[in-house]
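A.B. asks: The following file, protein-v9.cif, comprises mmCIF, C-alpha atoms and all ligand atoms:
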data_input
#
loop_
_atom_site.group_PDB
_atom_site.id
_atom_site.type_symbol
_atom_site.label_atom_id
_atom_site.label_comp_id
_atom_site.auth_asym_id
_atom_site.auth_seq_id
_atom_site.Cartn_x
_atom_site.Cartn_y
_atom_site.Cartn_z
ATOM 1 C CA MET A 744 14.175 -14.521 -10.493
ATOM 2 C CA ALA A 745 12.324 -16.161 -13.379
ATOM 3 C CA ARG A 746 10.986 -12.932 -14.913
ATOM 4 C CA ARG A 747 12.038 -9.307 -15.098
ATOM 5 C CA PRO A 748 9.685 -6.688 -13.554
ATOM 6 C CA GLU A 749 8.941 -5.286 -17.055
ATOM 7 C CA GLU A 750 7.377 -8.641 -17.933
ATOM 8 C CA VAL A 751 5.005 -8.456 -14.993
ATOM 9 C CA HIS A 752 1.531 -6.891 -15.031
ATOM 10 C CA VAL A 753 0.114 -5.702 -11.716
ATOM 11 C CA VAL A 754 -3.439 -4.447 -11.180
ATOM 12 C CA VAL A 755 -4.196 -2.284 -8.167
ATOM 13 C CA ALA A 756 -7.817 -1.878 -7.044
ATOM 14 C CA GLY A 757 -7.743 0.940 -4.546
ATOM 15 C CA SER A 758 -8.043 4.507 -3.401
ATOM 16 C CA CYS A 759 -6.812 7.740 -4.918
ATOM 17 C CA ASN A 760 -6.485 10.878 -2.766
ATOM 18 C CA PHE A 761 -5.327 14.468 -2.897
ATOM 19 C CA ASP A 762 -2.880 14.840 -0.008
ATOM 20 C CA ILE A 763 -2.722 18.169 1.827
ATOM 21 C CA VAL A 764 0.487 18.074 3.849
ATOM 22 C CA VAL A 765 1.779 20.399 6.569
ATOM 23 C CA LYS A 766 4.632 20.271 9.041
ATOM 24 C CA GLY A 767 3.571 20.715 12.668
ATOM 25 C CA GLN A 768 5.097 20.380 16.124
ATOM 26 C CA ARG A 769 2.107 18.463 17.491
ATOM 27 C CA LEU A 770 -1.615 17.858 16.983
ATOM 28 C CA PRO A 771 -3.965 20.724 17.958
ATOM 29 C CA LYS A 772 -6.146 20.288 21.041
ATOM 30 C CA GLU A 773 -9.940 20.486 20.649
ATOM 31 C CA GLY A 774 -10.921 24.137 20.228
ATOM 32 C CA GLU A 775 -7.320 25.233 19.611
ATOM 33 C CA THR A 776 -5.946 27.057 16.556
ATOM 34 C CA LEU A 777 -2.473 25.711 15.895
ATOM 35 C CA MET A 778 0.027 27.296 13.525
ATOM 36 C CA VAL A 779 1.720 24.886 11.088
ATOM 37 C CA SER A 780 4.014 25.393 8.098
ATOM 38 C CA ASP A 781 5.305 24.129 4.742
ATOM 39 C CA LEU A 782 1.917 23.456 3.107
ATOM 40 C CA LYS A 783 2.296 21.108 0.127
ATOM 41 C CA PHE A 784 -0.134 19.269 -2.171
ATOM 42 C CA PHE A 785 0.716 15.781 -3.407
ATOM 43 C CA PRO A 786 -1.055 12.989 -5.257
ATOM 44 C CA GLY A 787 -1.675 10.144 -2.813
ATOM 45 C CA GLY A 788 -4.114 7.485 -1.681
ATOM 46 C CA LYS A 789 -3.006 4.045 -0.605
ATOM 47 C CA GLY A 790 -4.108 2.374 -3.849
ATOM 48 C CA ALA A 791 -2.759 5.005 -6.228
ATOM 49 C CA ASN A 792 0.513 5.070 -4.285
ATOM 50 C CA GLN A 793 0.817 1.321 -4.776
ATOM 51 C CA ALA A 794 0.137 1.690 -8.486
ATOM 52 C CA VAL A 795 2.778 4.403 -8.896
ATOM 53 C CA ALA A 796 5.256 2.378 -6.838
ATOM 54 C CA ALA A 797 4.661 -0.746 -8.949
ATOM 55 C CA ALA A 798 5.113 1.264 -12.166
ATOM 56 C CA ARG A 799 8.352 2.886 -10.927
ATOM 57 C CA LEU A 800 9.618 -0.549 -9.922
ATOM 58 C CA GLY A 801 9.223 -1.589 -13.537
ATOM 59 C CA ALA A 802 5.892 -3.411 -13.725
ATOM 60 C CA ARG A 803 3.203 -2.764 -16.287
ATOM 61 C CA THR A 804 0.476 -1.360 -14.037
ATOM 62 C CA SER A 805 -3.288 -0.835 -14.242
ATOM 63 C CA PHE A 806 -5.346 1.021 -11.658
ATOM 64 C CA ILE A 807 -9.008 0.483 -10.781
ATOM 65 C CA GLY A 808 -10.454 3.282 -8.675
ATOM 66 C CA SER A 809 -12.822 6.229 -8.431
ATOM 67 C CA VAL A 810 -12.235 9.987 -8.313
ATOM 68 C CA GLY A 811 -14.603 12.947 -8.574
ATOM 69 C CA GLN A 812 -15.506 14.874 -11.714
ATOM 70 C CA ASP A 813 -13.446 17.821 -10.458
ATOM 71 C CA ILE A 814 -10.055 19.406 -11.118
ATOM 72 C CA VAL A 815 -8.578 17.377 -8.286
ATOM 73 C CA GLY A 816 -9.726 14.211 -10.059
ATOM 74 C CA ASP A 817 -8.138 15.498 -13.296
ATOM 75 C CA PHE A 818 -4.880 16.124 -11.413
ATOM 76 C CA LEU A 819 -4.900 12.658 -9.816
ATOM 77 C CA VAL A 820 -5.633 10.816 -13.063
ATOM 78 C CA ARG A 821 -2.991 12.845 -14.935
ATOM 79 C CA GLY A 822 -0.442 11.899 -12.253
ATOM 80 C CA LEU A 823 -1.190 8.208 -12.751
ATOM 81 C CA LYS A 824 -0.938 8.524 -16.537
ATOM 82 C CA ASP A 825 2.362 10.432 -16.224
ATOM 83 C CA ASN A 826 3.720 7.376 -14.434
ATOM 84 C CA GLY A 827 2.691 5.161 -17.347
ATOM 85 C CA ILE A 828 -0.274 3.635 -15.527
ATOM 86 C CA ASP A 829 -3.304 2.366 -17.420
ATOM 87 C CA THR A 830 -6.263 4.403 -16.071
ATOM 88 C CA THR A 831 -8.975 2.873 -18.282
ATOM 89 C CA TRP A 832 -10.811 1.614 -15.196
ATOM 90 C CA VAL A 833 -10.733 4.824 -13.170
ATOM 91 C CA LYS A 834 -14.334 5.934 -12.641
ATOM 92 C CA ARG A 835 -15.275 9.626 -12.509
ATOM 93 C CA ASP A 836 -18.032 9.976 -9.896
ATOM 94 C CA GLY A 837 -20.337 12.948 -10.463
ATOM 95 C CA GLU A 838 -21.830 12.893 -6.965
ATOM 96 C CA ARG A 839 -18.807 13.322 -4.705
ATOM 97 C CA SER A 840 -15.533 15.234 -4.572
ATOM 98 C CA SER A 841 -12.276 13.415 -5.112
ATOM 99 C CA GLY A 842 -10.863 11.774 -1.987
ATOM 100 C CA SER A 843 -8.501 13.831 0.122
ATOM 101 C CA ALA A 844 -6.118 13.270 2.986
ATOM 102 C CA PHE A 845 -4.903 15.761 5.588
ATOM 103 C CA ILE A 846 -1.419 14.867 6.737
ATOM 104 C CA MET A 847 0.681 16.395 9.480
ATOM 105 C CA VAL A 848 4.367 15.513 9.599
ATOM 106 C CA PHE A 849 6.124 15.924 12.967
ATOM 107 C CA PRO A 850 9.784 16.849 13.628
ATOM 108 C CA ASN A 851 10.567 13.261 14.727
ATOM 109 C CA GLY A 852 9.694 12.014 11.228
ATOM 110 C CA ASN A 853 6.318 10.514 12.202
ATOM 111 C CA ASN A 854 3.010 11.617 10.737
ATOM 112 C CA CYS A 855 -0.718 11.443 11.324
ATOM 113 C CA ILE A 856 -3.359 11.252 8.601
ATOM 114 C CA THR A 857 -7.080 11.909 8.375
ATOM 115 C CA VAL A 858 -8.868 10.856 5.178
ATOM 116 C CA ASP A 859 -12.138 11.858 3.559
ATOM 117 C CA PRO A 860 -12.564 8.984 1.063
ATOM 118 C CA ALA A 861 -15.401 10.792 -0.793
ATOM 119 C CA ALA A 862 -15.435 9.491 -4.421
ATOM 120 C CA ASN A 863 -13.421 6.419 -3.386
ATOM 121 C CA LEU A 864 -16.623 5.231 -1.722
ATOM 122 C CA ALA A 865 -18.341 5.139 -5.131
ATOM 123 C CA LEU A 866 -16.271 2.175 -6.311
ATOM 124 C CA THR A 867 -18.655 -0.787 -6.602
ATOM 125 C CA PRO A 868 -18.414 -4.511 -7.332
ATOM 126 C CA ALA A 869 -19.928 -3.681 -10.763
ATOM 127 C CA ASP A 870 -16.934 -1.389 -11.480
ATOM 128 C CA ILE A 871 -14.615 -4.239 -10.533
ATOM 129 C CA GLU A 872 -16.569 -6.613 -12.769
ATOM 130 C CA ARG A 873 -16.147 -4.170 -15.681
ATOM 131 C CA ALA A 874 -12.403 -4.440 -15.127
ATOM 132 C CA ARG A 875 -12.502 -8.240 -15.337
ATOM 133 C CA PRO A 876 -10.511 -8.349 -18.637
ATOM 134 C CA VAL A 877 -7.555 -6.522 -17.112
ATOM 135 C CA ILE A 878 -7.607 -8.590 -13.916
ATOM 136 C CA GLU A 879 -7.706 -11.790 -15.962
ATOM 137 C CA ALA A 880 -4.804 -10.554 -18.105
ATOM 138 C CA ALA A 881 -2.614 -9.555 -15.139
ATOM 139 C CA ASP A 882 -0.198 -11.533 -12.972
ATOM 140 C CA ALA A 883 -1.123 -10.064 -9.605
ATOM 141 C CA LEU A 884 -3.747 -7.905 -7.923
ATOM 142 C CA THR A 885 -3.145 -5.767 -4.860
ATOM 143 C CA THR A 886 -5.869 -3.959 -2.988
ATOM 144 C CA VAL A 887 -6.436 -1.848 0.131
ATOM 145 C CA LEU A 888 -9.179 -1.178 2.689
ATOM 146 C CA GLU A 889 -9.602 2.496 1.681
ATOM 147 C CA ILE A 890 -12.365 1.546 -0.776
ATOM 148 C CA PRO A 891 -15.690 -0.149 0.084
ATOM 149 C CA LEU A 892 -15.278 -3.672 1.439
ATOM 150 C CA GLU A 893 -17.642 -5.024 -1.259
ATOM 151 C CA ALA A 894 -15.249 -3.730 -3.914
ATOM 152 C CA VAL A 895 -12.260 -5.237 -2.094
ATOM 153 C CA GLU A 896 -14.086 -8.555 -1.911
ATOM 154 C CA ALA A 897 -15.105 -8.448 -5.589
ATOM 155 C CA ALA A 898 -11.548 -7.665 -6.697
ATOM 156 C CA LEU A 899 -9.965 -10.393 -4.583
ATOM 157 C CA ARG A 900 -12.617 -12.937 -5.600
ATOM 158 C CA LEU A 901 -12.253 -12.209 -9.306
ATOM 159 C CA ALA A 902 -8.456 -12.335 -9.178
ATOM 160 C CA ARG A 903 -8.497 -15.498 -7.077
ATOM 161 C CA LEU A 904 -10.900 -17.198 -9.537
ATOM 162 C CA ALA A 905 -8.588 -16.226 -12.381
ATOM 163 C CA GLY A 906 -5.649 -17.800 -10.518
ATOM 164 C CA LYS A 907 -3.770 -14.542 -9.914
ATOM 165 C CA LEU A 908 -1.581 -13.655 -6.947
ATOM 166 C CA THR A 909 -3.699 -11.602 -4.532
ATOM 167 C CA ILE A 910 -2.315 -9.258 -1.869
ATOM 168 C CA LEU A 911 -4.437 -7.323 0.618
ATOM 169 C CA ASP A 912 -2.705 -4.327 2.168
ATOM 170 C CA ALA A 913 -4.798 -3.982 5.317
ATOM 171 C CA GLY A 914 -4.664 -0.170 5.505
ATOM 172 C CA PRO A 915 -6.253 1.944 6.785
ATOM 173 C CA PRO A 916 -7.065 0.279 10.116
ATOM 174 C CA CYS A 917 -10.549 -1.256 10.076
ATOM 175 C CA HIS A 918 -12.353 -4.500 10.687
ATOM 176 C CA CYS A 919 -12.381 -6.848 7.701
ATOM 177 C CA PRO A 920 -14.352 -10.108 7.812
ATOM 178 C CA ALA A 921 -12.398 -13.366 7.675
ATOM 179 C CA ASP A 922 -14.208 -14.386 4.474
ATOM 180 C CA ILE A 923 -12.602 -11.441 2.687
ATOM 181 C CA LEU A 924 -9.182 -11.833 4.317
ATOM 182 C CA LYS A 925 -9.079 -15.467 3.171
ATOM 183 C CA LEU A 926 -9.410 -14.400 -0.472
ATOM 184 C CA ALA A 927 -5.919 -12.896 -0.334
ATOM 185 C CA ASP A 928 -2.812 -15.043 -0.763
ATOM 186 C CA ILE A 929 -0.999 -12.521 1.432
ATOM 187 C CA VAL A 930 -2.444 -10.152 4.036
ATOM 188 C CA SER A 931 -0.056 -7.331 4.916
ATOM 189 C CA PRO A 932 -0.978 -5.085 7.876
ATOM 190 C CA ASN A 933 1.095 -2.719 10.004
ATOM 191 C CA GLU A 934 0.821 -2.997 13.784
ATOM 192 C CA THR A 935 -2.234 -0.742 14.135
ATOM 193 C CA GLU A 936 -4.018 -2.467 11.267
ATOM 194 C CA LEU A 937 -3.212 -5.848 12.811
ATOM 195 C CA GLU A 938 -4.837 -4.703 16.061
ATOM 196 C CA HIS A 939 -8.015 -3.764 14.201
ATOM 197 C CA LEU A 940 -8.111 -7.030 12.271
ATOM 198 C CA THR A 941 -7.595 -9.221 15.348
ATOM 199 C CA GLY A 942 -8.795 -7.199 18.353
ATOM 200 C CA GLU A 943 -5.402 -7.909 19.967
ATOM 201 C CA THR A 944 -3.046 -5.321 21.457
ATOM 202 C CA VAL A 945 0.162 -5.283 19.454
ATOM 203 C CA SER A 946 3.381 -3.854 20.831
ATOM 204 C CA GLY A 947 6.634 -5.397 19.684
ATOM 205 C CA ARG A 948 7.531 -8.523 17.771
ATOM 206 C CA VAL A 949 6.181 -11.179 20.146
ATOM 207 C CA SER A 950 2.663 -9.739 20.346
ATOM 208 C CA ALA A 951 2.754 -8.994 16.598
ATOM 209 C CA GLN A 952 3.550 -12.622 15.845
ATOM 210 C CA GLU A 953 0.815 -13.830 18.197
ATOM 211 C CA ALA A 954 -1.754 -11.535 16.585
ATOM 212 C CA ALA A 955 -0.617 -12.588 13.109
ATOM 213 C CA GLU A 956 -1.193 -16.191 14.165
ATOM 214 C CA LYS A 957 -4.810 -15.214 14.919
ATOM 215 C CA LEU A 958 -5.092 -14.260 11.258
ATOM 216 C CA LEU A 959 -3.753 -17.710 10.363
ATOM 217 C CA ASP A 960 -6.462 -19.178 12.645
ATOM 218 C CA LEU A 961 -9.031 -17.249 10.569
ATOM 219 C CA GLY A 962 -7.788 -19.017 7.429
ATOM 220 C CA VAL A 963 -5.168 -16.578 6.114
ATOM 221 C CA LYS A 964 -2.202 -18.534 4.717
ATOM 222 C CA THR A 965 0.540 -15.874 4.708
ATOM 223 C CA VAL A 966 0.899 -12.706 6.773
ATOM 224 C CA VAL A 967 3.616 -10.177 5.992
ATOM 225 C CA LEU A 968 3.771 -7.645 8.816
ATOM 226 C CA LYS A 969 5.029 -4.123 8.315
ATOM 227 C CA LEU A 970 6.733 -3.134 11.557
ATOM 228 C CA GLY A 971 7.978 0.350 10.631
ATOM 229 C CA ASN A 972 11.391 1.041 12.192
ATOM 230 C CA ASP A 973 11.593 -2.624 13.187
ATOM 231 C CA GLY A 974 11.395 -3.920 9.608
ATOM 232 C CA SER A 975 8.954 -6.654 8.693
ATOM 233 C CA MET A 976 7.962 -10.182 9.601
ATOM 234 C CA LEU A 977 6.757 -13.190 7.630
ATOM 235 C CA VAL A 978 4.296 -15.362 9.552
ATOM 236 C CA THR A 979 2.972 -18.633 8.143
ATOM 237 C CA ARG A 980 2.111 -22.014 9.700
ATOM 238 C CA GLN A 981 5.470 -23.290 8.495
ATOM 239 C CA LYS A 982 7.747 -20.477 9.592
ATOM 240 C CA THR A 983 8.129 -17.081 11.211
ATOM 241 C CA LYS A 984 10.993 -14.878 10.107
ATOM 242 C CA HIS A 985 11.894 -11.320 11.014
ATOM 243 C CA PHE A 986 13.585 -8.960 8.523
ATOM 244 C CA SER A 987 15.506 -5.972 9.896
ATOM 245 C CA ALA A 988 14.748 -2.462 8.705
ATOM 246 C CA TYR A 989 17.365 -0.645 6.636
ATOM 247 C CA LYS A 990 18.844 2.499 8.150
ATOM 248 C CA VAL A 991 18.009 5.698 6.256
ATOM 249 C CA GLU A 992 17.528 9.394 7.105
ATOM 250 C CA ALA A 993 13.732 9.348 7.474
ATOM 251 C CA VAL A 994 11.812 12.600 6.951
ATOM 252 C CA ASP A 995 8.248 11.341 6.330
ATOM 253 C CA PRO A 996 6.832 7.781 6.489
ATOM 254 C CA THR A 997 3.858 8.582 4.208
ATOM 255 C CA ALA A 998 3.390 5.846 1.560
ATOM 256 C CA ALA A 999 6.239 3.661 2.872
ATOM 257 C CA GLY A 1000 3.780 0.835 3.505
ATOM 258 C CA ASP A 1001 2.258 1.319 0.047
ATOM 259 C CA ALA A 1002 5.702 1.071 -1.560
ATOM 260 C CA PHE A 1003 6.368 -2.069 0.487
ATOM 261 C CA THR A 1004 3.172 -3.783 -0.705
ATOM 262 C CA ALA A 1005 3.734 -2.801 -4.329
ATOM 263 C CA ALA A 1006 7.326 -4.051 -4.270
ATOM 264 C CA LEU A 1007 6.218 -7.324 -2.721
ATOM 265 C CA GLY A 1008 3.591 -7.741 -5.443
ATOM 266 C CA VAL A 1009 5.958 -6.939 -8.298
ATOM 267 C CA GLN A 1010 8.690 -9.228 -6.989
ATOM 268 C CA LEU A 1011 6.410 -12.173 -6.242
ATOM 269 C CA ALA A 1012 4.666 -11.798 -9.599
ATOM 270 C CA ALA A 1013 8.151 -11.941 -11.115
ATOM 271 C CA LYS A 1014 8.633 -15.238 -9.229
ATOM 272 C CA ALA A 1015 11.143 -13.989 -6.668
ATOM 273 C CA LYS A 1016 11.437 -16.099 -3.518
ATOM 274 C CA MET A 1017 9.262 -14.782 -0.670
ATOM 275 C CA GLU A 1018 12.217 -13.857 1.559
ATOM 276 C CA ASP A 1019 14.022 -12.010 -1.245
ATOM 277 C CA ALA A 1020 10.794 -10.214 -2.142
ATOM 278 C CA ILE A 1021 10.359 -9.064 1.466
ATOM 279 C CA ARG A 1022 13.958 -7.757 1.632
ATOM 280 C CA TYR A 1023 13.390 -5.859 -1.634
ATOM 281 C CA ALA A 1024 10.112 -4.468 -0.271
ATOM 282 C CA ASN A 1025 11.923 -3.352 2.896
ATOM 283 C CA VAL A 1026 14.328 -1.328 0.744
ATOM 284 C CA ALA A 1027 11.474 0.242 -1.247
ATOM 285 C CA GLY A 1028 9.680 1.152 1.993
ATOM 286 C CA ALA A 1029 12.813 2.580 3.614
ATOM 287 C CA LEU A 1030 13.688 4.737 0.602
ATOM 288 C CA THR A 1031 10.139 6.122 0.549
ATOM 289 C CA THR A 1032 10.645 7.583 4.033
ATOM 290 C CA THR A 1033 13.616 9.680 2.871
ATOM 291 C CA LYS A 1034 11.463 12.222 0.978
ATOM 292 C CA LEU A 1035 8.408 14.288 1.833
ATOM 293 C CA GLY A 1036 5.017 13.333 0.403
ATOM 294 C CA ALA A 1037 3.353 10.216 -0.964
ATOM 295 C CA GLN A 1038 3.896 9.702 -4.704
ATOM 296 C CA PRO A 1039 6.927 12.026 -5.097
ATOM 297 C CA SER A 1040 8.809 9.861 -2.586
ATOM 298 C CA LEU A 1041 8.237 6.453 -4.217
ATOM 299 C CA PRO A 1042 11.549 5.001 -5.446
ATOM 300 C CA THR A 1043 12.400 3.695 -8.898
ATOM 301 C CA ARG A 1044 13.684 0.205 -9.552
ATOM 302 C CA GLN A 1045 17.148 1.707 -10.173
ATOM 303 C CA GLU A 1046 17.133 3.469 -6.796
ATOM 304 C CA VAL A 1047 16.108 0.264 -4.999
ATOM 305 C CA GLU A 1048 18.743 -1.784 -6.787
ATOM 306 C CA ASP A 1049 21.485 0.811 -6.182
ATOM 307 C CA PHE A 1050 20.642 0.852 -2.465
ATOM 308 C CA ALA A 1051 20.518 -2.960 -2.297
ATOM 309 C CA ALA A 1052 23.876 -3.222 -4.073
ATOM 310 C CA ARG A 1053 25.521 -1.159 -1.314
ATOM 311 C CA LEU A 1054 24.242 -3.460 1.476
ATOM 312 C CA PRO A 1055 26.514 -6.043 3.140
ATOM 313 C CA LYS A 1056 26.009 -9.421 1.421
ATOM 314 C CA SER A 1057 24.890 -11.238 4.613
ATOM 315 C CA ARG A 1058 21.576 -9.315 4.976
HETATM 316 O O1 LIG B 1 -0.523 5.495 2.865
HETATM 317 C C1 LIG B 1 -0.426 6.868 2.669
HETATM 318 C C2 LIG B 1 -1.704 7.424 2.109
HETATM 319 O O2 LIG B 1 -2.717 7.282 3.079
HETATM 320 C C3 LIG B 1 -1.680 8.894 1.790
HETATM 321 O O3 LIG B 1 -1.209 9.151 0.491
HETATM 322 C C4 LIG B 1 -3.104 9.319 2.023
HETATM 323 O O4 LIG B 1 -3.790 9.693 0.872
HETATM 324 C C5 LIG B 1 -3.778 8.143 2.714
HETATM 325 O O5 LIG B 1 -4.574 7.422 1.873
#
Go through the file and emit its structure as structure tokens.
C.D. replies:
Amino acid sequence: MARRPEEVHVVVAGSCNFDIVVKGQRLPKEGETLMVSDLKFFPGGKGANQAVAAARLGARTSFIGSVGQDIVGDFLVRGLKDNGIDTTWVKRDGERSSGSAFIMVFPNGNNCITVDPAANLALTPADIERARPVIEAADALTTVLEIPLEAVEAALRLARLAGKLTILDAGPPCHCPADILKLADIVSPNETELEHLTGETVSGRVSAQEAAEKLLDLGVKTVVLKLGNDGSMLVTRQKTKHFSAYKVEAVDPTAAGDAFTAALGVQLAAKAKMEDAIRYANVAGALTTTKLGAQPSLPTRQEVEDFAARLPKSR
């Protein structure tokens, strides 16, 4: 690797949420009152999770986002600062509450999430433009679809014009026009997100690769698929390569994809080879599933490197 993570500056333009987490046996039916347990509150949001992950993996990190002028917003911004993240470009929206997510974790280690983006929806292209100096000073920009598409587009366009590495984490699932997708050097969806982007049904590696190739047809150059328990897959015109998942004791997948994207961004900005960066991102994602909650579960660089050092050399 040409540079160390501490020499890399990553900007994340994305969402910031207050996560309300419970453990439940199953989803309630319509009209049903269902008893759940283990209520916890965590800082989350796909963008903020990426920022915290990038910072813990060693990168200098700046976050562009929007939270409400409420105590939840104070809590979320303080959490980012406590992780050493530059919050200069976090807007405090007086109209809406801070974004929140309602997460149920099931006994099998899966989860389901509903999100009220609230103040995240107040992030505008003008806010992104205000952050131009930090984007121009950074090495890479990552963004997510949990903020308005116009803000995603503005961030990718500005970073692209400035010659920075651009990564679009395609979560949460939604349609995103090809003109925006093409602004990212790398588009990284999970299977559900890939279905929404392409209109294809995705189930397993073969259909995932075929759907990813539809993204290439739209003009995307590199797709890095997050396949959960089945690892990840690189799909370009030149090559397709699958990367196995690492075995861990998973308790909650929340933020695993966010850790994956952040790790990919940090490693590529540090000039790691794509395949090495994906393996590193797989470790970061896997370790994230071993703890409950979004930001508390994001691993440090030391934890990722310790785990990687224990792996057989051939992987
Ligand atoms: O990716 C996980 C995140 O999705 C949670 O932290 C939640 O806030 C939602 O945005």
A.B. asks: Please identify all polymer residues within 6 Å of Val887 (chain A), counting only C-alpha atoms, omitting same-chain residues fewer than 2 positions from it, and present them as a list in words.
C.D. replies: Gly757, Glu889, Leu911, Asp912, Ala913 and Gly914 of chain A
A.B. asks: Check which residues fall inside 10 Å of ligand LIG 1 (chain B) when counting all atoms listed in the file, and print them as number ranges by chain.
C.D. replies: A: 757-764, 785-793, 842-846, 854-860, 887-889, 914-915, 996-1002, 1036-1038
A.B. asks: For a test of reading the model, state the distance in Å between CA of Gly808 (chain A) and CA of Val755 (chain A), rounded to one decimal.
C.D. replies: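 These two atoms are separated by 8.4 Å.
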A.B. asks: I'd like to see the residues matched by the PyMOL selection byres (((chain A and resi 943) around 12) and not hetatm) on this file, and ideally I'd get them as a list of chain:residue names.
C.D. replies: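 Given this file, the PyMOL selection byres (((chain A and resi 943) around 12) and not hetatm) evaluates to A:Glu934, A:Thr935, A:Glu936, A:Leu937, A:Glu938, A:His939, A:Leu940, A:Thr941, A:Gly942, A:Thr944, A:Val945, A:Ser946, A:Ser950, A:Ala951, A:Gln952, A:Glu953, A:Ala954, A:Ala955, A:Glu956, A:Lys957, A:Leu958.
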A.B. asks: Applying 12 Å and all atoms listed in the file, which residues near Ile814 (chain A) remain after dropping the ones on its own chain fewer than 5 positions away? List them as a PyMOL selection string.
C.D. replies: chain A and resi 761+819-821+835+840-842
